[in-house]
file final00.cif (mmCIF, C-alpha atoms)
data_work
loop_
_atom_site.label_atom_id
_atom_site.label_comp_id
_atom_site.auth_asym_id
_atom_site.auth_seq_id
_atom_site.Cartn_x
_atom_site.Cartn_y
_atom_site.Cartn_z
CA MET A 1383 87.70 152.43 -72.51
CA ASN A 1384 87.87 155.90 -71.05
CA ASN A 1385 87.32 155.84 -67.32
CA VAL A 1386 89.26 154.55 -64.37
CA LEU A 1387 86.73 151.82 -63.57
CA ASP A 1388 87.01 150.36 -67.06
CA ILE A 1389 90.78 150.53 -66.77
CA GLN A 1390 90.73 148.83 -63.36
CA GLU A 1391 88.52 146.04 -64.65
CA LYS A 1392 90.76 145.39 -67.65
CA ILE A 1393 93.99 145.49 -65.61
CA LEU A 1394 92.49 143.13 -63.05
CA GLU A 1395 91.63 140.71 -65.84
CA ILE A 1396 95.20 140.91 -67.20
CA ILE A 1397 96.77 140.39 -63.77
CA ASN A 1398 94.52 137.46 -62.90
CA SER A 1399 95.06 135.73 -66.22
CA THR A 1400 98.85 136.08 -65.84
CA ILE A 1401 99.19 135.27 -62.14
CA GLU A 1402 97.36 132.00 -62.10
CA ASP A 1403 98.23 131.03 -58.52
CA GLU A 1404 95.78 133.39 -56.84
CA LYS A 1405 93.04 135.77 -58.03
CA ILE A 1406 92.95 139.30 -56.72
CA GLN A 1407 89.76 141.33 -56.17
CA PRO A 1408 89.17 145.08 -56.62
CA ASN A 1409 89.26 145.53 -52.83
CA GLN A 1410 92.87 144.24 -52.82
CA ALA A 1411 94.07 147.14 -54.94
CA ASP A 1412 97.03 147.86 -52.67
CA GLU A 1413 98.05 144.22 -52.22
CA ASP A 1414 101.72 143.59 -53.09
CA LEU A 1415 101.44 141.46 -56.23
CA SER A 1416 104.84 139.87 -55.68
CA LEU A 1417 103.38 138.23 -52.57
CA ILE A 1418 100.73 136.49 -54.61
CA GLY A 1419 102.95 135.17 -57.38
CA MET A 1420 104.06 138.05 -59.64
CA ASP A 1421 107.75 137.30 -60.34
CA SER A 1422 109.86 139.23 -62.86
CA THR A 1423 108.80 137.02 -65.78
CA LYS A 1424 105.10 137.51 -65.03
CA PHE A 1425 105.70 141.23 -64.53
CA ILE A 1426 107.10 141.46 -68.06
CA LYS A 1427 104.09 139.58 -69.46
CA ILE A 1428 101.69 141.89 -67.62
CA VAL A 1429 103.44 145.06 -68.82
CA VAL A 1430 103.58 143.85 -72.44
CA THR A 1431 99.88 142.97 -72.31
CA LEU A 1432 99.00 146.31 -70.72
CA GLU A 1433 100.92 148.15 -73.43
CA GLU A 1434 99.22 146.19 -76.21
CA THR A 1435 95.75 146.44 -74.68
CA PHE A 1436 95.84 150.16 -73.91
CA GLU A 1437 98.16 151.07 -76.81
CA ILE A 1438 100.57 152.87 -74.50
CA GLU A 1439 104.28 152.73 -73.70
CA VAL A 1440 105.13 152.55 -70.02
CA PRO A 1441 107.95 155.06 -69.35
CA ASP A 1442 111.36 153.67 -68.35
CA GLU A 1443 111.13 155.11 -64.81
CA LYS A 1444 108.03 152.99 -64.20
CA LEU A 1445 109.41 149.72 -65.54
CA LEU A 1446 110.13 148.40 -62.06
CA MET A 1447 108.15 146.01 -59.91
CA THR A 1448 108.40 148.54 -57.09
CA GLU A 1449 106.73 151.16 -59.31
CA MET A 1450 104.00 148.87 -60.63
CA GLY A 1451 103.74 146.34 -57.82
CA THR A 1452 100.05 146.76 -56.96
CA LEU A 1453 96.81 147.03 -58.89
CA ASN A 1454 96.50 150.68 -57.84
CA LYS A 1455 100.02 151.51 -59.02
CA MET A 1456 99.30 149.88 -62.39
CA ILE A 1457 96.07 151.85 -62.70
CA GLY A 1458 98.04 155.02 -61.96
CA VAL A 1459 100.68 154.30 -64.60
CA VAL A 1460 98.13 153.33 -67.28
CA SER A 1461 95.84 156.29 -66.46
CA THR A 1462 98.75 158.72 -66.70
CA ALA A 1463 99.87 157.22 -70.00
CA LEU A 1464 96.32 157.59 -71.33
CA GLY A 1465 96.07 161.13 -70.00
CA ILE A 1466 93.19 160.24 -67.66
CA ALA A 1467 92.99 161.60 -64.11
CA ASN A 1468 93.13 158.77 -61.55
CA GLU A 1469 90.99 159.77 -58.59
CA MET B 1158 151.65 147.21 -88.66
CA ASN B 1159 151.91 144.99 -85.58
CA ASN B 1160 149.08 143.83 -83.31
CA ILE B 1161 149.62 146.63 -80.80
CA ASP B 1162 149.35 149.27 -83.53
CA VAL B 1163 146.19 147.68 -84.90
CA GLU B 1164 144.66 147.53 -81.42
CA ASN B 1165 145.64 151.12 -80.74
CA LEU B 1166 144.18 152.30 -84.03
CA SER B 1167 140.94 150.40 -83.37
CA THR B 1168 140.64 151.95 -79.93
CA CYS B 1169 141.30 155.44 -81.34
CA ILE B 1170 138.50 154.95 -83.85
CA ILE B 1171 136.16 153.69 -81.13
CA TYR B 1172 136.85 156.64 -78.82
CA ASP B 1173 136.68 159.16 -81.64
CA ASP B 1174 133.20 157.86 -82.38
CA ILE B 1175 132.11 157.73 -78.74
CA CYS B 1176 133.39 161.23 -78.17
CA LYS B 1177 131.18 162.53 -80.99
CA VAL B 1178 128.20 160.85 -79.32
CA LEU B 1179 129.01 162.20 -75.87
CA ASN B 1180 129.47 165.73 -77.20
CA ASN B 1181 125.73 165.75 -77.98
CA VAL B 1182 124.62 164.58 -74.55
CA PRO B 1183 122.79 167.35 -72.63
CA PHE B 1184 122.58 165.43 -69.31
CA PRO B 1185 125.13 164.00 -66.82
CA CYS B 1186 126.96 161.06 -68.31
CA CYS B 1187 130.35 159.42 -67.91
CA LEU B 1188 132.40 156.46 -69.04
CA ILE B 1189 133.07 153.66 -66.56
CA LYS B 1190 135.27 150.53 -66.52
CA GLY B 1191 137.33 149.77 -69.63
CA LYS B 1192 139.98 152.25 -70.67
CA VAL B 1193 138.98 154.83 -68.06
CA LEU B 1194 139.63 152.32 -65.32
CA SER B 1195 142.86 151.34 -67.02
CA LEU B 1196 144.04 154.92 -66.81
CA GLN B 1197 142.93 155.39 -63.20
CA ALA B 1198 144.31 152.10 -61.91
CA TYR B 1199 147.47 151.66 -63.99
CA ASN B 1200 148.14 155.15 -65.42
CA LYS B 1201 148.02 153.59 -68.88
CA SER B 1202 144.94 153.42 -71.04
CA ALA B 1203 146.26 150.32 -72.79
CA ALA B 1204 146.96 148.34 -69.61
CA ARG B 1205 143.53 146.71 -69.66
CA LYS B 1206 141.98 145.11 -72.69
CA SER B 1207 138.34 145.99 -73.18
CA GLY B 1208 136.05 145.45 -76.11
CA ASP B 1209 133.00 147.51 -75.33
CA VAL B 1210 132.45 151.00 -73.98
CA ASP B 1211 130.38 151.40 -70.83
CA VAL B 1212 128.39 154.55 -70.23
CA LEU B 1213 126.72 155.45 -66.92
CA ILE B 1214 123.62 157.65 -67.03
CA SER B 1215 120.46 158.10 -64.99
CA ARG B 1216 117.53 155.79 -65.76
CA LYS B 1217 115.45 158.81 -66.74
CA ASN B 1218 117.92 159.71 -69.50
CA VAL B 1219 118.13 156.25 -71.06
CA ARG B 1220 115.59 156.87 -73.83
CA GLU B 1221 117.16 160.17 -74.83
CA PHE B 1222 120.63 158.62 -74.87
CA GLU B 1223 119.38 155.79 -77.08
CA ASN B 1224 117.98 158.35 -79.51
CA ILE B 1225 121.37 160.09 -79.61
CA LEU B 1226 123.12 156.77 -80.28
CA CYS B 1227 120.66 156.02 -83.10
CA SER B 1228 121.31 159.42 -84.64
CA HIS B 1229 124.99 158.42 -84.79
CA GLY B 1230 124.24 155.17 -86.60
CA TYR B 1231 124.06 152.78 -83.65
CA SER B 1232 121.32 150.19 -83.29
CA CYS B 1233 120.24 148.01 -80.41
CA ILE B 1234 121.02 144.29 -80.64
CA SER B 1235 117.49 143.57 -79.41
CA LYS B 1236 114.26 144.95 -80.82
CA ASP B 1237 112.16 142.95 -78.40
CA ARG B 1238 110.10 145.09 -76.04
CA SER B 1239 110.04 142.36 -73.40
CA ASP B 1240 113.88 142.30 -73.37
CA ARG B 1241 113.88 146.00 -72.62
CA ILE B 1242 111.30 145.63 -69.84
CA LEU B 1243 113.33 142.78 -68.36
CA CYS B 1244 116.48 144.89 -68.35
CA LEU B 1245 114.88 147.97 -66.86
CA ASN B 1246 113.22 145.92 -64.12
CA SER B 1247 115.87 143.30 -63.42
CA SER B 1248 119.25 144.57 -64.57
CA HIS B 1249 121.59 147.55 -64.36
CA GLN B 1250 121.88 147.96 -68.12
CA ILE B 1251 119.80 147.67 -71.27
CA PRO B 1252 120.70 145.48 -74.28
CA PRO B 1253 123.87 146.85 -75.97
CA TYR B 1254 123.99 149.19 -78.96
CA ARG B 1255 126.35 148.47 -81.85
CA LYS B 1256 127.76 150.14 -84.91
CA THR B 1257 130.47 149.25 -87.39
CA ARG B 1258 132.93 151.95 -88.46
CA ALA B 1259 135.93 151.33 -90.70
CA GLY B 1260 135.40 147.61 -90.22
CA ILE B 1261 135.53 147.93 -86.44
CA GLU B 1262 132.56 146.92 -84.35
CA ILE B 1263 131.81 149.44 -81.61
CA GLU B 1264 129.62 148.24 -78.77
CA VAL B 1265 128.13 150.56 -76.18
CA ASP B 1266 126.69 149.28 -72.91
CA ILE B 1267 124.24 151.69 -71.31
CA ASN B 1268 124.35 151.37 -67.51
CA PHE B 1269 121.66 153.13 -65.50
CA ASP B 1270 122.53 151.71 -62.10
CA ILE B 1271 125.63 150.57 -60.26
CA PHE B 1272 123.73 147.90 -58.34
CA TRP B 1273 122.53 144.68 -59.86
CA GLY B 1274 118.88 144.21 -60.82
CA GLU B 1275 118.22 141.79 -57.97
CA TYR B 1276 119.35 144.32 -55.36
CA SER B 1277 116.56 145.10 -52.91
CA GLY B 1278 118.33 147.64 -50.66
CA LYS B 1279 118.58 151.41 -50.88
CA ARG B 1280 119.35 152.56 -54.42
CA ILE B 1281 121.96 155.15 -55.29
CA ASP B 1282 120.79 158.31 -57.03
CA ILE B 1283 122.82 158.12 -60.22
CA LEU B 1284 122.47 161.82 -61.04
CA ALA B 1285 124.03 162.66 -57.65
CA PHE B 1286 126.66 159.95 -58.18
CA LEU B 1287 127.64 161.55 -61.49
CA SER B 1288 127.68 165.08 -60.10
CA ASP B 1289 131.45 165.31 -59.55
CA ALA B 1290 132.54 163.47 -62.71
CA LYS B 1291 135.66 165.05 -64.21
CA GLU B 1292 136.88 165.44 -67.76
CA ILE B 1293 139.87 163.30 -68.73
CA GLU B 1294 141.67 162.74 -72.00
CA LEU B 1295 141.54 159.32 -73.58
CA TYR B 1296 143.02 158.54 -76.99
CA GLY B 1297 142.96 162.23 -77.83
CA CYS B 1298 139.31 162.61 -76.84
CA LYS B 1299 137.89 164.43 -73.85
CA VAL B 1300 135.47 162.27 -71.89
CA LYS B 1301 133.95 162.40 -68.41
CA ALA B 1302 135.04 159.90 -65.74
CA LEU B 1303 134.04 159.25 -62.13
CA SER B 1304 136.33 160.38 -59.35
CA PRO B 1305 138.69 157.59 -58.19
CA LEU B 1306 136.63 157.20 -55.00
CA LYS B 1307 133.41 156.69 -56.91
CA SER B 1308 135.19 154.50 -59.47
CA MET B 1309 136.19 152.32 -56.51
CA VAL B 1310 132.58 152.10 -55.32
CA GLN B 1311 131.36 151.32 -58.82
CA LEU B 1312 134.08 148.73 -59.38
CA ILE B 1313 133.48 146.98 -56.08
CA LEU B 1314 129.77 146.63 -56.76
CA HIS B 1315 130.37 145.59 -60.35
CA HIS B 1316 132.91 142.93 -59.44
CA TYR B 1317 130.80 141.69 -56.54
CA LYS B 1318 127.97 141.21 -59.02
CA ASP B 1319 130.25 139.44 -61.51
CA ILE B 1320 131.44 136.95 -58.90
CA ASN B 1321 128.03 136.31 -57.38
CA SER B 1322 125.53 136.41 -60.24
CA ILE B 1323 124.10 132.97 -60.90
CA PHE B 1324 123.71 133.85 -64.58
CA LEU B 1325 127.36 134.89 -64.90
CA LEU B 1326 128.61 131.92 -62.89
CA ALA B 1327 126.63 129.68 -65.22
CA THR B 1328 127.84 131.26 -68.44
CA ARG B 1329 131.41 132.39 -67.81
CA LYS B 1330 134.10 129.78 -67.62
CA ASN B 1331 136.12 131.25 -64.79
CA ILE B 1332 136.57 134.07 -62.31
CA LYS B 1333 138.77 136.72 -63.87
CA GLN B 1334 141.65 137.25 -61.47
CA ASP B 1335 142.20 140.64 -63.09
CA MET B 1336 139.13 141.86 -61.22
CA PHE B 1337 141.08 141.72 -57.97
CA LYS B 1338 144.11 143.23 -59.65
CA ASP B 1339 142.00 146.16 -60.89
CA LEU B 1340 140.70 146.81 -57.39
CA PHE B 1341 144.12 146.56 -55.82
CA TYR B 1342 145.79 148.94 -58.25
CA LEU B 1343 142.88 151.37 -58.33
CA LEU B 1344 143.26 151.67 -54.57
CA LYS B 1345 147.06 151.77 -54.51
CA ASN B 1346 147.27 154.26 -57.36
CA ASN B 1347 144.75 156.64 -55.78
CA LEU B 1348 145.41 156.51 -52.05
CA ASN B 1349 145.03 160.27 -51.77
CA ASP B 1350 141.49 160.09 -53.17
CA ILE B 1351 140.41 156.73 -51.82
CA LEU B 1352 141.26 157.50 -48.22
CA LEU B 1353 140.02 154.90 -45.77
CA ASP B 1354 137.72 157.39 -44.01
CA ARG B 1355 136.25 158.64 -47.27
CA LEU B 1356 135.64 155.14 -48.61
CA TYR B 1357 134.08 154.14 -45.31
CA ASP B 1358 131.81 157.20 -45.17
CA ILE B 1359 130.53 156.80 -48.72
CA SER B 1360 130.04 153.05 -48.16
CA LEU B 1361 128.09 153.79 -45.00
CA GLU B 1362 125.95 156.31 -46.86
CA TYR B 1363 125.25 153.83 -49.67
CA GLU B 1364 124.82 150.93 -47.21
CA ILE B 1365 127.34 148.76 -49.03
CA ILE B 1366 129.88 147.96 -46.30
CA PRO B 1367 129.45 144.15 -46.49
CA TYR B 1368 130.04 144.18 -50.28
CA VAL B 1369 133.12 146.37 -49.91
CA TYR B 1370 134.46 143.98 -47.27
CA TYR B 1371 133.78 140.98 -49.52
CA MET B 1372 135.77 142.40 -52.42
CA LEU B 1373 138.60 143.78 -50.29
CA TYR B 1374 138.90 140.51 -48.36
CA TYR B 1375 139.35 138.38 -51.47
CA THR B 1376 141.63 141.00 -53.06
CA GLY B 1377 143.72 140.74 -49.89
CA LEU B 1378 144.09 137.00 -50.35
CA LEU B 1379 145.75 137.60 -53.70
CA PHE B 1380 147.63 140.81 -52.92
CA LYS B 1381 149.34 140.92 -49.55
CA ASP B 1382 149.66 144.56 -48.61
CA GLU B 1383 149.74 146.42 -45.30
CA ILE B 1384 147.56 149.31 -46.43
CA LEU B 1385 144.97 147.03 -47.96
CA GLU B 1386 144.96 145.05 -44.72
CA LYS B 1387 143.92 148.19 -42.81
CA TYR B 1388 141.00 148.71 -45.17
CA ILE B 1389 139.92 145.08 -44.80
CA THR B 1390 139.99 145.32 -41.01
CA ALA B 1391 137.98 148.56 -41.02
CA PHE B 1392 135.24 147.09 -43.20
CA LYS B 1393 134.89 143.79 -41.36
CA THR B 1394 131.35 143.13 -40.10
CA PRO B 1395 129.39 139.92 -39.38
CA GLU B 1396 127.25 140.61 -42.49
CA GLY B 1397 130.35 140.93 -44.64
CA GLU B 1398 131.87 137.78 -43.21
CA ALA B 1399 128.66 135.87 -43.87
CA LEU B 1400 128.77 136.92 -47.55
CA LEU B 1401 132.24 135.42 -48.04
CA LYS B 1402 130.99 131.86 -48.20
CA CYS B 1403 127.93 132.56 -50.35
CA TYR B 1404 126.93 133.32 -53.91
CA GLY B 1405 123.70 134.74 -55.38
CA LEU B 1406 122.75 138.38 -55.49
CA ASN B 1407 119.90 138.66 -53.01
CA GLU B 1408 118.50 136.90 -49.97
CA ALA B 1409 116.06 134.84 -52.02
CA GLU B 1410 118.69 133.28 -54.28
CA ARG B 1411 121.72 133.38 -51.96
CA ARG B 1412 123.24 130.01 -51.05
CA GLU B 1413 126.45 128.64 -49.59
CA TRP B 1414 129.36 127.55 -51.75
CA LYS B 1415 130.26 123.90 -51.63
CA TYR B 1416 133.79 124.79 -52.79
CA ASP B 1417 136.43 127.01 -51.24
CA PHE B 1418 137.67 130.23 -52.83
CA GLN B 1419 140.85 128.69 -54.23
CA THR B 1420 138.85 125.98 -56.01
CA ARG B 1421 136.49 128.61 -57.44
CA LEU B 1422 139.41 130.74 -58.54
CA GLU B 1423 141.16 127.88 -60.28
CA SER B 1424 138.02 126.42 -61.83
CA GLU B 1425 137.85 126.41 -65.61
CA ASN B 1426 134.13 125.72 -65.56
CA LEU B 1427 132.26 127.47 -62.77
CA TYR B 1428 128.99 126.00 -63.96
CA ASP B 1429 130.17 122.59 -62.75
CA LEU B 1430 130.52 124.03 -59.25
CA ILE B 1431 126.95 125.32 -59.05
CA LYS B 1432 124.92 123.11 -61.38
CA ASP B 1433 123.71 120.77 -58.62
CA ASP B 1434 122.31 123.74 -56.66
CA LEU B 1435 120.32 125.31 -59.48
CA THR B 1436 116.54 125.41 -59.18
CA GLU B 1437 113.96 125.53 -61.99
CA LYS B 1438 113.66 129.28 -61.36
CA ASP B 1439 117.44 129.73 -61.67
CA LEU B 1440 117.48 127.81 -64.96
CA GLU B 1441 114.61 129.89 -66.33
CA LYS B 1442 116.42 133.10 -65.37
CA ILE B 1443 119.67 131.91 -66.98
CA THR B 1444 117.82 131.09 -70.22
CA ILE B 1445 116.12 134.51 -70.34
CA ASN B 1446 119.36 136.36 -69.60
CA LYS B 1447 121.22 134.37 -72.27
CA LYS B 1448 118.64 135.49 -74.82
CA VAL B 1449 118.82 139.14 -73.83
CA PHE B 1450 122.52 139.63 -73.11
CA LEU B 1451 124.20 136.94 -75.19
CA ASN B 1452 121.74 136.85 -78.08
CA GLU B 1453 121.53 133.04 -77.75
#

call {"tool": "encode", "arguments": {"input": "final00.cif", "output": "structure tokens"}}
result
Amino acid sequence: MNNVLDIQEKILEIINSTIEDEKIQPNQADEDLSLIGMDSTKFIKIVVTLEETFEIEVPDEKLLMTEMGTLNKMIGVVSTALGIANE
Amino acid sequence: MNNIDVENLSTCIIYDDICKVLNNVPFPCCLIKGKVLSLQAYNKSAARKSGDVDVLISRKNVREFENILCSHGYSCISKDRSDRILCLNSSHQIPPYRKTRAGIEIEVDINFDIFWGEYSGKRIDILAFLSDAKEIELYGCKVKALSPLKSMVQLILHHYKDINSIFLLATRKNIKQDMFKDLFYLLKNNLNDILLDRLYDISLEYEIIPYVYYMLYYTGLLFKDEILEKYITAFKTPEGEALLKCYGLNEAERREWKYDFQTRLESENLYDLIKDDLTEKDLEKITINKKVFLNE
């Protein structure tokens, strides 16, 4: 898994399997996930799964729903942690 | 050796240890609450009893501070990554660090915010908040403390959270009346620093006027005082008045009390006063917080 598209696809899968109420699509990358069912408990599950899947540790400054509240923001955090440019 | 001597000796050991930790900290950091507050509010470090030591640092320095604590023999009570994520997203502190020295358990609470996790308003830049911290002497050790004005801000927000958090209302037996006493004496003992205009200006800047009013109002019910009355009047707003009859820490969870302040104050089991209002979401949050902060 070494490009942003692969990362996006995997993150989307993780989000959609955690937030069961509603599925998001790639074209909703800036949609506020808290509006479609991501509460603090689901946020924790998503972050833990992201860290396990991508073998990364999300930095403390990013461990906030405001910092990782959309698909695009999550892609940014994961890409940075993996050292991949997110264009 | 009597109980006071033993307590004093224990506290000396605790602060000697903490001082060694803080001497290695290369970023802004200060002690809050506990003995520092005791000194600022009552001029005596032993006036308030406190078990743990609270440190305030910026969120971006948390990891480095934890490493420093570990190098001094401390370890975190929780090794669970999800606990840490929960704290950094939804709280103002991470799970405590502990160490035992000479048979005395030392507990350090790392605070990275002075608001509660549920707060959705403008956040305070903690590095800027710490910028004018001053060195004081405590049990023979030099430590940094907030200015009395900023201690007042921190204390107001902390006590507001303590009285309004659903988790704390559900798990603590009663409202500690000493919270109001601390506020009253911190103000009265530092009137030259906590001038009404200065407190108002900083509260306006931090957008916390309703919370300041809430705490001053209830303090004023317990401590009748002309100066305090002036502060209460200056901070009165419709938003602040609306908070007086509510609990819960944000709009989503805020609800009206079914009991008056006196009943809440005298209650020996606050849970009984709120249990009928609790939702499934509240109960889930209480359970998670119990695991993280109370190790239950």

call {"tool": "residues_around", "arguments": {"input": "final00.cif", "residues": "Asp1266 of chain B", "least_positions_apart": "5", "cutoff": "8 Å", "atoms": "all atoms listed in the file", "output": "list in words"}}
result
Asp1209, Val1210, Asp1211, Val1212, Gln1250, Ile1251, Pro1252, Pro1253 and Tyr1254 of chain B

call {"tool": "closest_residue", "arguments": {"input": "final00.cif", "among": "A:Ile1389, A:Val1460, A:Ile1438, A:Ile1401", "to": "Gly1419 of chain A", "atoms": "only C-alpha atoms"}}
result
A:Ile1401

call {"tool": "atom_distance", "arguments": {"input": "final00.cif", "atom1": "atom CA of Glu1364 of chain B", "atom2": "atom CA of Leu1446 of chain A"}}
result
21.0 Å

call {"tool": "resolve_selection", "arguments": {"input": "final00.cif", "expression": "the PyMOL selection byres ((chain A and resi 1425) around 10)", "output": "list of chain:residue names"}}
result
A:Ile1397, A:Thr1400, A:Ile1401, A:Leu1415, A:Ser1416, A:Gly1419, A:Met1420, A:Asp1421, A:Ser1422, A:Thr1423, A:Lys1424, A:Ile1426, A:Lys1427, A:Ile1428, A:Val1429, A:Val1430, A:Thr1431, A:Leu1445, A:Leu1446, A:Met1447, A:Met1450, A:Gly1451, B:Ser1239, B:Ile1242, B:Leu1243, B:Asn1246

call {"tool": "write_last_selection", "arguments": {"input": "final00.cif", "atoms": "C-alpha atoms", "output": "PDB file, in the coordinates of the input"}}
result
ATOM      1  CA  ILE A1397      96.770 140.390 -63.770  1.00  0.00           C
ATOM      2  CA  THR A1400      98.850 136.080 -65.840  1.00  0.00           C
ATOM      3  CA  ILE A1401      99.190 135.270 -62.140  1.00  0.00           C
ATOM      4  CA  LEU A1415     101.440 141.460 -56.230  1.00  0.00           C
ATOM      5  CA  SER A1416     104.840 139.870 -55.680  1.00  0.00           C
ATOM      6  CA  GLY A1419     102.950 135.170 -57.380  1.00  0.00           C
ATOM      7  CA  MET A1420     104.060 138.050 -59.640  1.00  0.00           C
ATOM      8  CA  ASP A1421     107.750 137.300 -60.340  1.00  0.00           C
ATOM      9  CA  SER A1422     109.860 139.230 -62.860  1.00  0.00           C
ATOM     10  CA  THR A1423     108.800 137.020 -65.780  1.00  0.00           C
ATOM     11  CA  LYS A1424     105.100 137.510 -65.030  1.00  0.00           C
ATOM     12  CA  ILE A1426     107.100 141.460 -68.060  1.00  0.00           C
ATOM     13  CA  LYS A1427     104.090 139.580 -69.460  1.00  0.00           C
ATOM     14  CA  ILE A1428     101.690 141.890 -67.620  1.00  0.00           C
ATOM     15  CA  VAL A1429     103.440 145.060 -68.820  1.00  0.00           C
ATOM     16  CA  VAL A1430     103.580 143.850 -72.440  1.00  0.00           C
ATOM     17  CA  THR A1431      99.880 142.970 -72.310  1.00  0.00           C
ATOM     18  CA  LEU A1445     109.410 149.720 -65.540  1.00  0.00           C
ATOM     19  CA  LEU A1446     110.130 148.400 -62.060  1.00  0.00           C
ATOM     20  CA  MET A1447     108.150 146.010 -59.910  1.00  0.00           C
ATOM     21  CA  MET A1450     104.000 148.870 -60.630  1.00  0.00           C
ATOM     22  CA  GLY A1451     103.740 146.340 -57.820  1.00  0.00           C
TER      23      GLY A1451
ATOM     24  CA  SER B1239     110.040 142.360 -73.400  1.00  0.00           C
ATOM     25  CA  ILE B1242     111.300 145.630 -69.840  1.00  0.00           C
ATOM     26  CA  LEU B1243     113.330 142.780 -68.360  1.00  0.00           C
ATOM     27  CA  ASN B1246     113.220 145.920 -64.120  1.00  0.00           C
TER      28      ASN B1246
END

call {"tool": "closest_residue", "arguments": {"input": "final00.cif", "among": "B:Asn1268, B:Thr1376, B:Asn1446, B:Thr1257", "to": "Lys1333 of chain B", "atoms": "all atoms listed in the file"}}
result
B:Thr1376

call {"tool": "atom_distance", "arguments": {"input": "final00.cif", "atom1": "atom CA of Leu1287 of chain B", "atom2": "atom CA of Ala1204 of chain B"}}
result
24.8 Å

call {"tool": "residues_around", "arguments": {"input": "final00.cif", "residues": "Ile1170 of chain B", "least_positions_apart": "5", "cutoff": "9 Å", "atoms": "all atoms listed in the file", "output": "PyMOL selection string"}}
result
chain B and resi 1165+1175+1258-1259+1261+1263+1296

call {"tool": "residues_around", "arguments": {"input": "final00.cif", "residues": "Glu1449 of chain A", "least_positions_apart": "6", "cutoff": "10 Å", "atoms": "all atoms listed in the file", "output": "JSON, numbers by chain"}}
result
{"A": [1443, 1455, 1456, 1458, 1459], "B": [1246]}

call {"tool": "atom_distance", "arguments": {"input": "final00.cif", "atom1": "atom CA of Lys1338 of chain B", "atom2": "atom CA of Leu1379 of chain B"}}
result
8.4 Å

call {"tool": "closest_residue", "arguments": {"input": "final00.cif", "among": "B:Asp1382, B:Ile1313, B:Asp1174, B:Tyr1368", "to": "Gly1397 of chain B", "atoms": "all atoms listed in the file"}}
result
B:Tyr1368

call {"tool": "resolve_selection", "arguments": {"input": "final00.cif", "expression": "the PyMOL selection byres ((chain A and resi 1390) around 10)", "output": "PyMOL selection string"}}
result
chain A and resi 1385-1389+1391-1396+1408+1411+1453-1454+1456-1458+1460-1461

call {"tool": "write_last_selection", "arguments": {"input": "final00.cif", "atoms": "C-alpha atoms", "output": "PDB file, keeping the file's coordinate frame"}}
result
ATOM      1  CA  ASN A1385      87.320 155.840 -67.320  1.00  0.00           C
ATOM      2  CA  VAL A1386      89.260 154.550 -64.370  1.00  0.00           C
ATOM      3  CA  LEU A1387      86.730 151.820 -63.570  1.00  0.00           C
ATOM      4  CA  ASP A1388      87.010 150.360 -67.060  1.00  0.00           C
ATOM      5  CA  ILE A1389      90.780 150.530 -66.770  1.00  0.00           C
ATOM      6  CA  GLU A1391      88.520 146.040 -64.650  1.00  0.00           C
ATOM      7  CA  LYS A1392      90.760 145.390 -67.650  1.00  0.00           C
ATOM      8  CA  ILE A1393      93.990 145.490 -65.610  1.00  0.00           C
ATOM      9  CA  LEU A1394      92.490 143.130 -63.050  1.00  0.00           C
ATOM     10  CA  GLU A1395      91.630 140.710 -65.840  1.00  0.00           C
ATOM     11  CA  ILE A1396      95.200 140.910 -67.200  1.00  0.00           C
ATOM     12  CA  PRO A1408      89.170 145.080 -56.620  1.00  0.00           C
ATOM     13  CA  ALA A1411      94.070 147.140 -54.940  1.00  0.00           C
ATOM     14  CA  LEU A1453      96.810 147.030 -58.890  1.00  0.00           C
ATOM     15  CA  ASN A1454      96.500 150.680 -57.840  1.00  0.00           C
ATOM     16  CA  MET A1456      99.300 149.880 -62.390  1.00  0.00           C
ATOM     17  CA  ILE A1457      96.070 151.850 -62.700  1.00  0.00           C
ATOM     18  CA  GLY A1458      98.040 155.020 -61.960  1.00  0.00           C
ATOM     19  CA  VAL A1460      98.130 153.330 -67.280  1.00  0.00           C
ATOM     20  CA  SER A1461      95.840 156.290 -66.460  1.00  0.00           C
TER      21      SER A1461
END

call {"tool": "residues_around", "arguments": {"input": "final00.cif", "residues": "Tyr1388 of chain B", "least_positions_apart": "5", "cutoff": "12 Å", "atoms": "all atoms listed in the file", "output": "list of chain:residue names"}}
result
B:Phe1341, B:Leu1344, B:Lys1345, B:Leu1348, B:Ile1351, B:Leu1352, B:Leu1353, B:Asp1354, B:Arg1355, B:Leu1356, B:Tyr1357, B:Ile1366, B:Val1369, B:Tyr1370, B:Tyr1371, B:Met1372, B:Leu1373, B:Tyr1374, B:Thr1376, B:Gly1377, B:Asp1382, B:Glu1383, B:Lys1393

call {"tool": "resolve_selection", "arguments": {"input": "final00.cif", "expression": "the PyMOL selection byres ((chain B and resi 1216) around 10)", "output": "PyMOL selection string"}}
result
(chain A and resi 1442-1443) or (chain B and resi 1213-1215+1217-1220+1245+1249-1250+1267-1270+1282-1284)

call {"tool": "residues_around", "arguments": {"input": "final00.cif", "residues": "segment 1316-1321 of chain B", "least_positions_apart": "3", "cutoff": "10 Å", "atoms": "only C-alpha atoms", "output": "NGL selection string"}}
result
:B and (1271-1276 or 1311-1313 or 1324-1326 or 1329 or 1331-1333 or 1336-1337 or 1339-1340 or 1368-1369 or 1371-1372 or 1400 or 1403-1407 or 1411 or 1421)

call {"tool": "closest_residue", "arguments": {"input": "final00.cif", "among": "B:Ile1293, B:Cys1244, B:Leu1385, B:Leu1303", "to": "chain A", "atoms": "all atoms listed in the file"}}
result
B:Cys1244

call {"tool": "closest_residue", "arguments": {"input": "final00.cif", "among": "B:Glu1453, B:Asp1350, B:Glu1413, B:Glu1441", "to": "chain A", "atoms": "all atoms listed in the file"}}
result
B:Glu1441
